[in-house]
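Structure record follows, encoded as structure tokens.
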Amino acid sequence: MTDIIMHGCNGRMGQVIVSLVAEDPDVRIVAGVDISGEKKNDFPVYTKLSDVKEKGVIIDFSNASAADGLMDYVEETRTPVVLCSTGLSEAQIKRLDRVSTVAPVLRSANMSLGVNTVMKLIKTAAEILAPKGFDIEIVEKHHNQKLDAPSGTALALADVMNEALDKKYDYVYDRSKRREKRPENEIGISAVRGGTIVGEHDIIFAGTDEVIEIRHEAFSRKIFAKGAIAAAKFLDGKAPGMYGMPDVIG
């Protein structure tokens, strides 16, 4: 049995995880953390992590503004954490690396099995196609309530390809002020925000007279919740270190 502390328990993703955990005999939520302190479920809810008395693997679906307090707690208590929030600053990411030397940390821009499979596919595609002159573009779409742009997943997709290409590529988010031909070594990343789009990511490899597109579309937030729960089970009992979804899916 894996015990879970749900950080951001009253948010949309928090409540999706709560509902899925209720159907899984191998996990249980022993405490929740939410700034409102409102008790919506049958576990205790605290307004801050430092007040939590229970022990368990933290699943974090809050936001970047809460990350510093989360890392303080994890570093002090050596509590395992599955960090799903996006929009972290460079300073926060560097600090998280330090925290992982004393506690098990699993960070992923996207918890979906499908997205992590796409990452493997585009790594191979980039290695084959980019040297042959194919341009690389990413278009991501999300609901109109999403705060960060581009999405953490879009950046992670770009990073996977750029690392495979010896980090020779620059990321471009806006070409409106440029009047020039497209440079070869850039990855364009475009963000669309509208309606209730759960999440769509298109990776485009555009060559001479042919285009290859690899696409992932999320129809429900449950795919991210299922991944987070699987990650919590994986992290339970692990040694300190930085882990990712590839470790979970094998």
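If you're wondering about the labels, chains in the structure tokens are A, B, ... by order shown, residues count from 1 in each chain, ligands from 1 in order shown.
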Polymer residues at most 8 Å from region 82-95 of chain A, only C-alpha atoms, same-chain spacing of 5 or more positions, as an MDAnalysis selection string: chainID A and resid 57:64 67:68 105:111 148 151:152 228 231:232 235
Every residue of region 96-152 of chain A that DSSP places in strand (DSSP E), as a list in words: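 Secondary structure check on region 96-152 of chain A, strand (DSSP E): Pro104, Val105, Leu106, Arg107, Asp135, Ile136, Glu137, Ile138, Val139, Glu140, Lys141 and His142 of chain A.
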Excluding Asn162 (chain A) and any residue of its chain fewer than 5 positions from it, enumerate the residues within 10 Å of it, using only C-alpha atoms, and give them as a list in words.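 With the cut-off at 10 Å, the set is Lys123, Ala126, Glu127, Ala156, Leu157, Lys167, Lys168, Tyr169, Asp170, Tyr171, Asn185, Glu186 and Ile187 of chain A.
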Can you pull out every residue within 8 Å of Glu217 (chain A), counting only C-alpha atoms, but drop anything in the same chain fewer than 3 positions away, and send it as a ChimeraX atom specification? /A:199-201
Which of A:Val198, A:Val16, A:Ile35, A:Ile136 sits closest to Val211 (chain A) [using only C-alpha atoms]: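 Distance minimum relative to Val211 (chain A) lands on A:Ile136.
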Please return, as a ChimeraX atom specification, all residues of region 5-215 of chain A that DSSP assigns to helix (DSSP H, G or I) on the basis of the backbone. /A:12-21,49-51,64-77,90-99,113-132,152-164
Shell of 7 Å around Glu137 (chain A), only C-alpha atoms, local chain residues under 4 positions omitted, as a list in words: Ile187, Gly188, Ile189, Ile203, Ile204 and Phe205 of chain A
Filtering to N, CA, C and O atoms, could you give me those residues as a PDB file, in the first residue's frame?
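Listing of again_31.pdb after writing:
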```pdb
ATOM      1  N   ILE A 187      14.069  25.711 -33.493  1.00  0.00           N
ATOM      2  CA  ILE A 187      12.827  24.966 -33.294  1.00  0.00           C
ATOM      3  C   ILE A 187      11.758  25.990 -32.930  1.00  0.00           C
ATOM      4  O   ILE A 187      11.866  26.676 -31.910  1.00  0.00           O
ATOM      5  N   GLY A 188      10.767  26.116 -33.780  1.00  0.00           N
ATOM      6  CA  GLY A 188       9.672  27.039 -33.505  1.00  0.00           C
ATOM      7  C   GLY A 188       8.657  26.388 -32.581  1.00  0.00           C
ATOM      8  O   GLY A 188       8.274  25.231 -32.765  1.00  0.00           O
ATOM      9  N   ILE A 189       8.228  27.135 -31.550  1.00  0.00           N
ATOM     10  CA  ILE A 189       7.245  26.622 -30.585  1.00  0.00           C
ATOM     11  C   ILE A 189       6.096  27.621 -30.502  1.00  0.00           C
ATOM     12  O   ILE A 189       6.293  28.769 -30.083  1.00  0.00           O
ATOM     13  N   ILE A 203       4.209  17.766 -33.409  1.00  0.00           N
ATOM     14  CA  ILE A 203       5.620  17.958 -33.753  1.00  0.00           C
ATOM     15  C   ILE A 203       5.735  17.773 -35.262  1.00  0.00           C
ATOM     16  O   ILE A 203       5.388  16.708 -35.793  1.00  0.00           O
ATOM     17  N   ILE A 204       6.203  18.808 -35.938  1.00  0.00           N
ATOM     18  CA  ILE A 204       6.213  18.844 -37.402  1.00  0.00           C
ATOM     19  C   ILE A 204       7.663  18.815 -37.897  1.00  0.00           C
ATOM     20  O   ILE A 204       8.484  19.636 -37.486  1.00  0.00           O
ATOM     21  N   PHE A 205       7.937  17.860 -38.771  1.00  0.00           N
ATOM     22  CA  PHE A 205       9.225  17.798 -39.448  1.00  0.00           C
ATOM     23  C   PHE A 205       8.956  18.129 -40.912  1.00  0.00           C
ATOM     24  O   PHE A 205       8.374  17.312 -41.650  1.00  0.00           O
TER      25      PHE A 205
END
```
Find the residues near Asp24 (chain A): any atom within 12 Å, counting only C-alpha atoms, skip ones fewer than 5 places away on the same chain, and give them as a PyMOL selection string. chain A and resi 1-3+17-19+29+226+229-230+233
If you keep N, CA and C atoms, can you produce a file of those selected residues as an mmCIF file, in the first residue's frame?
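Contents of part35.cif, as written:
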```
data_model
loop_
_atom_site.group_PDB
_atom_site.id
_atom_site.type_symbol
_atom_site.label_atom_id
_atom_site.label_comp_id
_atom_site.auth_asym_id
_atom_site.auth_seq_id
_atom_site.Cartn_x
_atom_site.Cartn_y
_atom_site.Cartn_z
ATOM 1 N N MET A 1 0.837 -1.200 0.000
ATOM 2 C CA MET A 1 0.000 0.000 0.000
ATOM 3 C C MET A 1 0.878 1.258 0.000
ATOM 4 N N THR A 2 0.658 2.136 -0.947
ATOM 5 C CA THR A 2 1.390 3.394 -1.017
ATOM 6 C C THR A 2 0.522 4.516 -0.470
ATOM 7 N N ASP A 3 1.019 5.205 0.553
ATOM 8 C CA ASP A 3 0.310 6.349 1.121
ATOM 9 C C ASP A 3 0.695 7.612 0.362
ATOM 10 N N ILE A 17 -7.236 12.927 -9.260
ATOM 11 C CA ILE A 17 -6.409 11.917 -8.599
ATOM 12 C C ILE A 17 -7.150 11.301 -7.424
ATOM 13 N N VAL A 18 -7.834 12.120 -6.642
ATOM 14 C CA VAL A 18 -8.608 11.608 -5.504
ATOM 15 C C VAL A 18 -9.616 10.563 -5.969
ATOM 16 N N SER A 19 -10.312 10.841 -7.062
ATOM 17 C CA SER A 19 -11.335 9.911 -7.552
ATOM 18 C C SER A 19 -10.722 8.610 -8.047
ATOM 19 N N ILE A 29 -4.950 8.077 -0.109
ATOM 20 C CA ILE A 29 -4.550 9.435 0.252
ATOM 21 C C ILE A 29 -4.734 9.594 1.748
ATOM 22 N N LYS A 226 -3.432 9.216 -13.859
ATOM 23 C CA LYS A 226 -2.999 7.819 -13.814
ATOM 24 C C LYS A 226 -1.483 7.725 -13.803
ATOM 25 N N ILE A 229 -0.137 8.690 -10.312
ATOM 26 C CA ILE A 229 -0.333 7.622 -9.327
ATOM 27 C C ILE A 229 0.681 6.503 -9.546
ATOM 28 N N ALA A 230 0.896 6.143 -10.812
ATOM 29 C CA ALA A 230 1.910 5.126 -11.118
ATOM 30 C C ALA A 230 3.293 5.592 -10.667
ATOM 31 N N LYS A 233 3.649 5.209 -6.855
ATOM 32 C CA LYS A 233 3.915 3.809 -6.498
ATOM 33 C C LYS A 233 5.377 3.467 -6.767
#
```
Measuring atom to atom with only C-alpha atoms, identify which of A:Lys53, A:Lys39, A:Lys120, A:His142 is nearest to Gly194 (chain A).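 Ranked by minimum distance to Gly194 (chain A), first place goes to A:His142.
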Within 10 Å of Ala130 (chain A), counting only C-alpha atoms, which residues qualify if same-chain residues fewer than 5 places away don't, as a list in words? Ala125, Asp135, Ile136, Met161, Leu165, Glu184, Asn185, Phe205, Ala206 and Gly207 of chain A
Include C-alpha atoms and write out the residues we just selected as a compact mmCIF listing (two decimals), in the first residue's frame.
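Okay, again33.txt is ready:
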```txt
# COMPACT_ATOMS: atom_id res chain seq x y z
CA ALA A 125 13.03 11.25 -35.95
CA ASP A 135 12.78 22.01 -40.19
CA ILE A 136 11.26 21.30 -36.77
CA MET A 161 15.20 16.69 -29.77
CA LEU A 165 21.12 17.12 -31.89
CA GLU A 184 18.19 26.22 -40.14
CA ASN A 185 19.04 25.69 -36.49
CA PHE A 205 9.22 17.80 -39.45
CA ALA A 206 9.03 19.81 -42.69
CA GLY A 207 11.37 18.85 -45.49
```
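Each of A:Ser65, A:Ser112, A:Thr153, A:Asn10 was checked against Val33 (chain A) using only C-alpha atoms; the smallest atom-to-atom distance is that of A:Asn10.
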Have a look at CA of Ser50 (chain A) and CA of Arg98 (chain A) and let me know their distance in Å, one decimal.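 Interatomic distance, CA of Ser50 (chain A) to CA of Arg98 (chain A): 19.9 Å.
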Calculate how many Å separate CA of Gly244 (chain A) from CA of Gly11 (chain A), rounding to one decimal.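 For CA of Gly244 (chain A) relative to CA of Gly11 (chain A), the distance reads 23.2 Å.
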One residue among A:Leu121, A:Tyr173, A:Lys146, A:Thr101 is nearest to Ile197 (chain A) when using only C-alpha atoms, and that residue is A:Lys146
Let me make sure I understand: among A:Gly114, A:Gly69, A:Gly8, A:Pro25, which one has the smallest atom-to-atom distance to Glu38 (chain A) if we use only C-alpha atoms?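 Among the listed residues, A:Gly8 lies closest to Glu38 (chain A).
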